[in-house]
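Coordinates as given in final-v7.txt (compact mmCIF, C-alpha atoms):
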# COMPACT_ATOMS: atom_id res chain seq x y z
CA MET A 228 -37.70 18.98 -46.32
CA THR A 229 -36.30 22.36 -47.22
CA ARG A 230 -32.62 23.12 -46.83
CA ARG A 231 -33.49 25.44 -43.93
CA THR A 232 -35.47 22.89 -41.95
CA GLY A 233 -32.80 20.34 -42.79
CA MET A 234 -30.18 22.56 -41.19
CA LEU A 235 -32.45 23.07 -38.19
CA ALA A 236 -32.84 19.33 -37.80
CA ILE A 237 -29.06 18.91 -37.92
CA ALA A 238 -28.65 21.69 -35.35
CA LEU A 239 -31.13 20.00 -33.01
CA VAL A 240 -29.30 16.71 -33.34
CA ILE A 241 -26.01 18.43 -32.47
CA VAL A 242 -27.55 19.99 -29.37
CA MET A 243 -29.03 16.66 -28.36
CA VAL A 244 -25.77 14.74 -28.35
CA LEU A 245 -23.42 17.43 -27.06
CA PRO A 246 -21.40 16.00 -24.20
CA VAL A 247 -22.11 17.10 -20.66
CA LEU A 248 -19.35 19.53 -19.80
CA ALA A 249 -19.85 19.98 -16.11
CA HIS A 250 -19.44 17.62 -13.18
CA HIS A 251 -23.21 17.96 -12.83
CA SER A 252 -26.08 20.20 -13.87
CA PHE A 253 -26.02 23.84 -12.80
CA ALA A 254 -29.82 24.02 -13.18
CA VAL A 255 -30.18 24.49 -9.42
CA TYR A 256 -28.90 28.04 -9.92
CA ASP A 257 -30.85 31.03 -11.22
CA HIS A 258 -29.77 31.74 -14.79
CA THR A 259 -31.80 34.98 -15.00
CA ARG A 260 -30.01 37.14 -12.42
CA THR A 261 -26.82 37.48 -10.45
CA ILE A 262 -26.05 38.92 -7.05
CA THR A 263 -22.88 40.65 -5.94
CA VAL A 264 -21.84 39.84 -2.37
CA LYS A 265 -18.95 41.21 -0.35
CA GLY A 266 -17.83 39.68 2.93
CA THR A 267 -15.20 38.09 5.09
CA VAL A 268 -13.92 34.66 4.14
CA THR A 269 -14.29 31.99 6.83
CA LYS A 270 -13.00 29.12 4.66
CA PHE A 271 -11.57 28.59 1.18
CA GLN A 272 -12.26 24.97 0.32
CA TRP A 273 -9.72 23.85 -2.28
CA THR A 274 -11.18 20.46 -3.26
CA ASN A 275 -12.61 18.50 -6.13
CA PRO A 276 -15.13 17.92 -7.56
CA HIS A 277 -15.70 21.62 -6.82
CA GLY A 278 -14.13 24.28 -4.63
CA PHE A 279 -16.07 26.53 -2.24
CA ILE A 280 -15.73 29.90 -0.55
CA GLU A 281 -17.50 30.23 2.81
CA MET A 282 -18.05 33.85 3.80
CA ASP A 283 -19.80 36.01 6.40
CA ILE A 284 -21.66 39.05 5.11
CA THR A 285 -22.49 41.94 7.42
CA GLN A 286 -26.02 43.20 6.77
CA LYS A 287 -27.20 46.82 6.92
CA ASP A 288 -28.63 46.26 10.41
CA GLY A 289 -25.28 44.98 11.65
CA SER A 290 -26.23 41.31 11.76
CA VAL A 291 -24.10 38.76 9.99
CA LYS A 292 -25.37 36.23 7.47
CA HIS A 293 -23.37 33.34 6.12
CA PHE A 294 -23.07 32.74 2.37
CA THR A 295 -21.59 29.80 0.48
CA VAL A 296 -20.06 30.18 -2.98
CA GLU A 297 -19.74 27.08 -5.11
CA LEU A 298 -16.79 27.18 -7.51
CA THR A 299 -15.80 24.86 -10.35
CA SER A 300 -13.29 22.01 -10.38
CA ILE A 301 -10.02 23.28 -8.91
CA ASN A 302 -8.29 21.75 -11.94
CA MET A 303 -10.17 24.09 -14.27
CA MET A 304 -9.50 26.95 -11.86
CA GLN A 305 -5.77 26.23 -11.92
CA ARG A 306 -5.79 26.32 -15.70
CA VAL A 307 -7.08 29.90 -15.64
CA GLY A 308 -4.55 30.98 -13.02
CA TRP A 309 -6.10 30.21 -9.64
CA ARG A 310 -3.90 29.02 -6.75
CA SER A 311 -4.91 27.62 -3.38
CA ASN A 312 -3.16 30.45 -1.52
CA MET A 313 -5.04 33.25 -3.24
CA ILE A 314 -7.75 33.40 -0.56
CA LYS A 315 -7.28 33.07 3.21
CA PRO A 316 -9.73 33.19 6.12
CA GLY A 317 -10.20 36.82 7.12
CA ASP A 318 -9.81 38.13 3.56
CA THR A 319 -12.47 40.47 2.25
CA VAL A 320 -13.65 39.28 -1.17
CA GLN A 321 -16.41 40.29 -3.54
CA VAL A 322 -18.21 37.65 -5.57
CA VAL A 323 -20.59 37.82 -8.51
CA ALA A 324 -22.77 34.73 -8.14
CA ALA A 325 -25.85 33.09 -9.61
CA PRO A 326 -28.06 32.44 -6.55
CA LEU A 327 -29.54 29.06 -5.69
CA LEU A 328 -33.16 28.86 -6.88
CA ASN A 329 -34.42 27.28 -3.64
CA GLY A 330 -33.49 30.33 -1.58
CA ASP A 331 -30.67 28.82 0.45
CA PRO A 332 -27.79 31.31 0.92
CA VAL A 333 -25.64 29.72 -1.77
CA GLY A 334 -24.46 30.98 -5.14
CA LEU A 335 -22.47 29.70 -8.07
CA GLY A 336 -19.41 31.94 -8.35
CA LEU A 337 -18.94 33.55 -11.75
CA GLU A 338 -16.22 36.03 -10.82
CA VAL A 339 -14.26 36.87 -7.66
CA VAL A 340 -12.49 40.09 -6.66
CA LEU A 341 -9.66 39.05 -4.34
CA ALA A 342 -8.51 40.97 -1.24
CA ASP A 343 -5.77 42.65 -3.31
CA GLY A 344 -8.31 43.92 -5.84
CA LYS A 345 -7.44 41.44 -8.56
CA THR A 346 -10.44 40.04 -10.44
CA MET A 347 -10.32 36.30 -11.05
CA PRO A 348 -12.63 34.61 -13.58
CA LEU A 349 -14.26 31.26 -12.90
CA PRO A 350 -14.30 28.74 -15.76
CA VAL A 351 -17.96 27.84 -15.38
CA PRO A 352 -19.10 25.81 -18.41
CA ALA A 353 -21.61 27.74 -20.56
CA ILE A 354 -21.07 30.82 -18.38
CA GLY A 355 -22.73 32.92 -21.08
CA GLY A 356 -26.02 31.33 -20.12
CA PHE A 357 -26.06 33.24 -16.83
CA LYS A 358 -27.67 36.68 -17.23
CA ARG A 359 -25.83 39.27 -15.18
CA SER A 360 -27.76 41.78 -13.07
CA GLU A 361 -26.43 45.29 -12.68
CA ALA A 362 -27.76 45.78 -9.17
CA SER A 363 -25.66 44.59 -6.25
CA GLN A 364 -27.07 43.06 -3.14
CA MET B 246 15.23 5.45 -15.98
CA PHE B 247 16.59 2.45 -17.89
CA VAL B 248 13.16 0.82 -17.88
CA LEU B 249 11.45 3.97 -19.13
CA ALA B 250 14.05 4.45 -21.84
CA SER B 251 13.80 0.87 -23.02
CA GLN B 252 10.01 1.02 -23.09
CA PHE B 253 10.12 4.23 -25.07
CA MET B 254 12.56 2.70 -27.52
CA THR B 255 10.33 -0.34 -27.86
CA ALA B 256 7.43 1.82 -28.94
CA GLN B 257 9.60 3.80 -31.30
CA SER B 258 11.57 0.90 -32.74
CA ALA B 259 8.33 -0.87 -33.63
CA GLY B 260 7.76 2.01 -36.04
CA VAL B 261 4.43 2.99 -34.56
CA PRO B 262 3.26 6.60 -34.33
CA ASP B 263 4.19 8.48 -31.15
CA ILE B 264 0.91 9.47 -29.52
CA THR B 265 2.35 9.70 -26.01
CA GLY B 266 1.52 12.96 -24.28
CA SER B 267 -1.34 15.16 -23.12
CA TRP B 268 -4.40 15.75 -25.27
CA LEU B 269 -7.57 17.77 -25.01
CA ARG B 270 -10.76 17.45 -27.01
CA GLN B 271 -10.85 20.12 -29.71
CA GLY B 272 -13.15 22.95 -28.77
CA PHE B 273 -13.02 22.22 -25.02
CA THR B 274 -10.47 24.87 -24.29
CA VAL B 275 -11.61 26.30 -20.96
CA GLY B 276 -8.42 27.66 -19.44
CA VAL B 277 -5.98 25.89 -21.72
CA ARG B 278 -4.11 26.78 -24.85
CA PRO B 279 -3.67 23.74 -27.07
CA ALA B 280 -0.62 23.73 -29.28
CA GLY B 281 -0.89 24.41 -32.98
CA GLN B 282 -3.78 25.07 -35.28
CA GLN B 283 -6.90 22.95 -35.22
CA THR B 284 -6.31 21.28 -38.55
CA PRO B 285 -7.68 19.55 -40.45
CA ALA B 286 -11.31 20.60 -40.18
CA PRO B 287 -13.08 18.92 -37.26
CA PRO B 288 -14.90 15.62 -37.83
CA PRO B 289 -18.67 15.74 -38.33
CA PRO B 290 -20.80 15.86 -35.17
CA ALA B 291 -22.10 12.60 -33.78
CA PRO B 292 -25.38 11.36 -35.22
CA PRO B 293 -28.02 10.33 -32.68
CA PRO B 294 -27.76 6.71 -31.55
CA PRO B 295 -29.66 4.36 -33.92
CA LEU B 296 -31.59 2.77 -31.07
CA LYS B 297 -34.29 0.17 -31.60
CA GLY B 298 -37.87 1.26 -30.95
CA GLU B 299 -38.37 0.54 -27.26
CA TYR B 300 -34.83 1.67 -26.36
CA LEU B 301 -35.24 4.82 -28.43
CA LYS B 302 -38.42 5.60 -26.49
CA GLU B 303 -36.65 4.96 -23.19
CA TRP B 304 -33.75 7.25 -24.19
CA GLN B 305 -36.00 10.05 -25.45
CA ALA B 306 -38.12 9.85 -22.29
CA ARG B 307 -34.96 10.10 -20.19
CA LEU B 308 -33.77 13.19 -22.12
CA GLN B 309 -37.21 14.75 -21.77
CA ALA B 310 -37.24 14.07 -18.01
CA ILE B 311 -33.77 15.66 -17.70
CA ARG B 312 -34.91 18.76 -19.64
CA GLU B 313 -38.07 19.13 -17.56
CA ALA B 314 -36.23 18.65 -14.26
CA ASP B 315 -33.58 21.21 -15.29
CA ALA B 316 -36.32 23.68 -16.28
CA LYS B 317 -37.80 23.32 -12.79
CA GLY B 318 -34.40 23.89 -11.21
CA GLN B 319 -34.48 20.37 -9.77
CA PRO B 320 -31.99 18.42 -11.89
CA ILE B 321 -31.97 14.64 -11.79
CA ALA B 322 -28.93 13.32 -9.94
CA THR B 323 -26.57 11.45 -12.26
CA ASN B 324 -23.57 9.18 -11.69
CA ALA B 325 -21.47 12.36 -11.81
CA VAL B 326 -23.28 13.76 -8.76
CA ALA B 327 -21.99 10.72 -6.87
CA CYS B 328 -18.50 11.50 -8.24
CA LEU B 329 -18.48 8.25 -10.18
CA PRO B 330 -16.21 8.17 -13.24
CA GLU B 331 -17.66 8.47 -16.73
CA GLY B 332 -16.33 5.07 -17.83
CA MET B 333 -16.31 3.99 -21.47
CA PRO B 334 -16.73 5.57 -23.91
CA GLY B 335 -17.55 8.73 -21.94
CA MET B 336 -14.02 9.23 -20.62
CA MET B 337 -12.77 9.51 -24.20
CA THR B 338 -14.71 12.77 -24.57
CA ALA B 339 -11.66 14.27 -22.77
CA THR B 340 -13.38 17.39 -21.56
CA PHE B 341 -10.51 17.56 -19.08
CA PRO B 342 -7.03 16.83 -20.42
CA MET B 343 -6.17 13.21 -21.20
CA GLU B 344 -2.76 11.55 -21.18
CA ILE B 345 -1.72 8.68 -23.44
CA LEU B 346 1.29 6.56 -22.46
CA GLN B 347 2.84 3.96 -24.79
CA SER B 348 4.85 1.25 -23.08
CA ARG B 349 5.82 -2.32 -23.82
CA GLY B 350 2.68 -4.35 -24.50
CA GLN B 351 0.31 -1.67 -23.25
CA VAL B 352 -1.16 1.71 -24.09
CA THR B 353 -2.50 3.49 -21.02
CA ILE B 354 -5.01 6.34 -21.16
CA ILE B 355 -5.50 8.57 -18.15
CA GLU B 356 -8.32 11.13 -18.04
CA GLU B 357 -7.70 13.94 -15.58
CA ALA B 358 -11.33 14.21 -14.45
CA TYR B 359 -11.91 11.59 -11.74
CA THR B 360 -8.40 10.18 -12.45
CA GLN B 361 -9.88 7.65 -14.84
CA VAL B 362 -7.44 5.03 -16.13
CA ARG B 363 -7.87 2.46 -18.87
CA ARG B 364 -5.31 -0.05 -19.97
CA ILE B 365 -5.22 -1.24 -23.57
CA LEU B 366 -3.38 -4.57 -23.69
CA MET B 367 -1.60 -4.93 -27.01
CA ASP B 368 -1.49 -7.78 -29.48
CA ARG B 369 -3.67 -10.29 -27.74
CA PRO B 370 -7.14 -11.69 -28.44
CA VAL B 371 -10.33 -10.15 -27.10
CA PRO B 372 -11.24 -12.14 -23.98
CA ALA B 373 -14.50 -14.07 -23.77
CA LEU B 374 -17.21 -12.10 -21.99
CA ASP B 375 -17.66 -15.00 -19.57
CA ASP B 376 -14.01 -14.79 -18.54
CA ILE B 377 -14.11 -11.16 -17.38
CA GLU B 378 -16.11 -9.08 -14.96
CA PRO B 379 -17.94 -5.93 -16.11
CA GLY B 380 -16.50 -2.56 -15.09
CA PHE B 381 -16.56 1.14 -15.85
CA PHE B 382 -13.77 0.97 -18.44
CA GLY B 383 -14.32 -2.58 -19.66
CA HIS B 384 -11.50 -4.70 -21.00
CA SER B 385 -9.55 -3.32 -23.95
CA VAL B 386 -7.17 -4.98 -26.36
CA GLY B 387 -5.39 -3.15 -29.14
CA LYS B 388 -3.08 -3.52 -32.10
CA TRP B 389 -1.42 -1.17 -34.51
CA GLN B 390 -2.73 -1.47 -38.06
CA GLY B 391 -0.35 0.74 -39.99
CA ASP B 392 -0.79 4.26 -38.64
CA THR B 393 -3.94 3.36 -36.69
CA LEU B 394 -4.29 2.04 -33.17
CA ALA B 395 -7.30 -0.29 -33.34
CA VAL B 396 -8.87 -1.04 -29.97
CA GLU B 397 -11.72 -3.36 -29.02
CA THR B 398 -13.44 -2.96 -25.67
CA ILE B 399 -16.02 -5.22 -24.06
CA GLY B 400 -17.35 -5.69 -20.53
CA VAL B 401 -18.73 -2.23 -19.72
CA LYS B 402 -21.30 -2.18 -16.92
CA GLU B 403 -24.85 -1.56 -18.13
CA ASN B 404 -25.31 1.34 -15.69
CA VAL B 405 -22.33 3.13 -17.27
CA ARG B 406 -24.09 5.12 -19.95
CA TYR B 407 -22.63 7.59 -22.42
CA GLN B 408 -25.12 10.40 -23.17
CA ASN B 409 -27.73 8.39 -21.27
CA VAL B 410 -27.82 5.87 -24.11
CA PRO B 411 -28.78 2.39 -22.91
CA HIS B 412 -26.66 -0.60 -23.84
CA SER B 413 -26.58 -4.33 -23.18
CA LYS B 414 -23.85 -6.36 -21.53
CA ASP B 415 -22.79 -7.41 -25.04
CA MET B 416 -21.87 -3.89 -26.19
CA LYS B 417 -18.59 -3.74 -28.09
CA ILE B 418 -16.69 -0.48 -28.52
CA SER B 419 -14.25 -0.31 -31.45
CA GLU B 420 -11.84 2.60 -31.67
CA ARG B 421 -9.59 3.66 -34.51
CA ILE B 422 -7.08 6.14 -33.14
CA ARG B 423 -4.67 7.91 -35.49
CA LEU B 424 -2.77 11.13 -35.98
CA VAL B 425 -4.41 13.13 -38.75
CA ALA B 426 -1.90 15.97 -38.30
CA PRO B 427 1.24 16.19 -36.16
CA GLU B 428 -0.69 17.69 -33.23
CA THR B 429 -4.17 16.33 -33.96
CA LEU B 430 -5.46 12.90 -33.00
CA TRP B 431 -8.79 11.46 -34.12
CA ASN B 432 -10.62 8.63 -32.42
CA GLU B 433 -13.34 7.06 -34.55
CA ILE B 434 -15.57 5.17 -32.15
CA THR B 435 -18.06 2.54 -33.28
CA ILE B 436 -20.48 1.04 -30.81
CA THR B 437 -21.92 -2.31 -31.79
CA ASP B 438 -24.79 -3.69 -29.77
CA PRO B 439 -27.39 -5.68 -31.76
CA THR B 440 -29.64 -5.96 -28.69
CA VAL B 441 -30.35 -2.22 -28.48
CA LEU B 442 -29.01 -0.71 -31.73
CA GLU B 443 -30.50 -1.04 -35.22
CA LYS B 444 -26.98 -0.69 -36.64
CA PRO B 445 -23.53 0.29 -35.31
CA TRP B 446 -23.25 3.85 -33.96
CA THR B 447 -20.15 5.69 -35.16
CA PHE B 448 -18.81 9.09 -34.12
CA THR B 449 -15.39 10.70 -33.99
CA PHE B 450 -13.64 12.70 -31.29
CA ALA B 451 -10.76 15.01 -32.25
CA TYR B 452 -8.04 15.86 -29.76
CA GLN B 453 -5.40 18.57 -29.81
CA ARG B 454 -1.94 17.93 -28.35
CA MET B 455 -1.14 19.97 -25.22
CA LYS B 456 2.59 20.49 -25.26
CA ASP B 457 4.27 20.70 -21.84
CA TYR B 458 1.01 20.04 -19.95
CA THR B 459 1.22 17.65 -17.02
CA LEU B 460 -2.05 16.21 -15.78
CA LEU B 461 -3.19 17.49 -12.40
CA GLU B 462 -4.49 15.21 -9.67
CA TYR B 463 -8.25 14.92 -9.29
CA ILE B 464 -9.68 13.40 -6.14
CA CYS B 465 -13.34 13.74 -5.10
CA GLU B 466 -12.14 14.84 -1.68
CA ASP B 467 -15.28 16.59 -0.49
CA ASN B 468 -18.26 16.11 -2.74
CA ARG B 469 -21.05 18.38 -1.49
CA GLU B 470 -23.52 17.36 -4.19
CA TYR B 471 -25.90 14.57 -3.33
CA ALA B 472 -29.12 12.94 -4.50
CA ASP B 473 -32.11 13.54 -2.23
CA ASP B 474 -34.83 10.95 -1.60
CA LYS B 475 -36.60 12.07 -4.79
CA GLY B 476 -33.46 11.55 -6.87
CA HIS B 477 -32.90 15.27 -7.31
CA GLN B 478 -29.46 16.83 -7.17
CA GLN B 479 -28.89 18.92 -4.03
CA ILE B 480 -25.98 20.74 -2.47
CA ARG B 481 -24.91 20.27 1.14
CA VAL B 482 -25.03 23.39 3.27
CA ASP B 483 -24.24 23.42 6.97
CA PRO B 484 -27.76 23.41 8.55
CA GLU B 485 -26.69 26.01 11.12
CA LYS B 486 -25.77 28.37 8.30
CA ARG B 487 -28.97 28.19 6.30
Structure translated into structure tokens:
Amino acid sequence: MTRRTGMLAIALVIVMVLPVLAHHSFAVYDHTRTITVKGTVTKFQWTNPHGFIEMDITQKDGSVKHFTVELTSINMMQRVGWRSNMIKPGDTVQVVAAPLLNGDPVGLGLEVVLADGKTMPLPVPAIGGFKRSEASQ
Amino acid sequence: MFVLASQFMTAQSAGVPDITGSWLRQGFTVGVRPAGQQTPAPPPPAPPPPLKGEYLKEWQARLQAIREADAKGQPIATNAVACLPEGMPGMMTATFPMEILQSRGQVTIIEEAYTQVRRILMDRPVPALDDIEPGFFGHSVGKWQGDTLAVETIGVKENVRYQNVPHSKDMKISERIRLVAPETLWNEITITDPTVLEKPWTFTFAYQRMKDYTLLEYICEDNREYADDKGHQQIRVDPEKR
């Protein structure tokens, strides 16, 4: 075995036994694109294992579609500065999310612009694995 | 206050290292700023488990199934999807902060995620397996050997699996916990299980002290993940809002 393949073998072993960081797999979400949604909050669910934002999005034809944003553990959110009073029903927020692969109107939140314009990050494990799209929905 | 003070003095007067406080696994710094430099250099990564043939095949097949299910966007539901705690030794990965408390006759370890608690009873013999019931955290006894807290744990449920590695009811987890620097704690874990392992499996976790960090509560208050009838992980959405 060459030194190079030896290193590769070691690298593979490391990958194999890395601990699972998240509460569960995020494989249900599309890692190849993101959507940007803006709407009115109907509920900010401040719970573990994960938080959620429920929002109504007005479409171009005037109809309203509901969208659910899954967040991370509220403990991790608190450690990057989130508080439970940062979002209230009626707030207009903008969310960059990785959409659910099965087509349901759900996304994993990667970043949220609050009603006051402040951008809040979401501490999603391995967030670099989600490819961001430039186009907004 | 008097009780707390006397317990603290007991730990100190025994001349044992003070490991009380909040700790986080080195490198798992999402949203936190551990105190001090990460010295010394981190321990080597864990080797793969030295499983015996049939168990190795079972483990590799499980990992392959997980990879394939993830690639299809239909991950296999795990214990975590049901909001079950990691148990031992998984909770010692401390991917969320972990608190160690030293009191008279006991060292208590609390992991923030899932509010996992294990109690290490000091200076007493390991119980007989027949005298205890299996659980997520098992039964732990410990003693200080110089600067090292040596802990033996038995009685971990067979469905509580770290890294999906199978184990028998006879698995024994030995830990050697010691400060390698003022703000750095290492936990060398050795898993002994002659039924499924060719030889003991040893790996080391390194933790960094988190000064002034108080653990947050963690309750699975509304878990919207669930396993469907095919065992795939799903997320609950109000049917009227689909």
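The coordinates place CA of Pro334 (chain B) at 6.4 Å from CA of Tyr407 (chain B).
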request  = Compile the contact shell of Gly266 (chain B) as an MDAnalysis selection string: residues with an atom at most 12 Å away, counting only C-alpha atoms, same-chain residues fewer than 5 positions apart removed.
outcome  = chainID B and resid 342:347 352:356 428:430 452:460
request  = Determine which residues of chain A sit within 6 Å of chain B, taking into account all atoms listed in the file, and present them as a ChimeraX atom specification.
outcome  = /A:250-251,254-255,274-276,293,306-307
Next, write the just-selected residues to a file, as a PDB file, keeping the file's coordinate frame, keeping C-alpha atoms as the atom set.
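New file again-v7.pdb:
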ATOM      1  CA  HIS A 250     -19.440  17.620 -13.180  1.00  0.00           C
ATOM      2  CA  HIS A 251     -23.210  17.960 -12.830  1.00  0.00           C
ATOM      3  CA  ALA A 254     -29.820  24.020 -13.180  1.00  0.00           C
ATOM      4  CA  VAL A 255     -30.180  24.490  -9.420  1.00  0.00           C
ATOM      5  CA  THR A 274     -11.180  20.460  -3.260  1.00  0.00           C
ATOM      6  CA  ASN A 275     -12.610  18.500  -6.130  1.00  0.00           C
ATOM      7  CA  PRO A 276     -15.130  17.920  -7.560  1.00  0.00           C
ATOM      8  CA  HIS A 293     -23.370  33.340   6.120  1.00  0.00           C
ATOM      9  CA  ARG A 306      -5.790  26.320 -15.700  1.00  0.00           C
ATOM     10  CA  VAL A 307      -7.080  29.900 -15.640  1.00  0.00           C
TER      11      VAL A 307
END
Around region 337-342 of chain A, fit a box with edges along x, y and z, padding it by 6 Å on each side, then list its centre and edge lengths in Å to one decimal as JSON.
{"center_x": -13.7, "center_y": 37.3, "center_z": -6.5, "size_x": 22.4, "size_y": 19.4, "size_z": 22.5}
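We find CA of Ser413 (chain B) and CA of Thr449 (chain B) to be spaced 21.6 Å apart.
Pairwise distance (CA of Trp431 (chain B), CA of Pro262 (chain B)) equals 13.0 Å.
Counting all atoms listed in the file and comparing A:Asn312, A:Thr295, A:Ser300, A:Asn329, the residue that lies closest to Ile280 (chain A) is A:Thr295.
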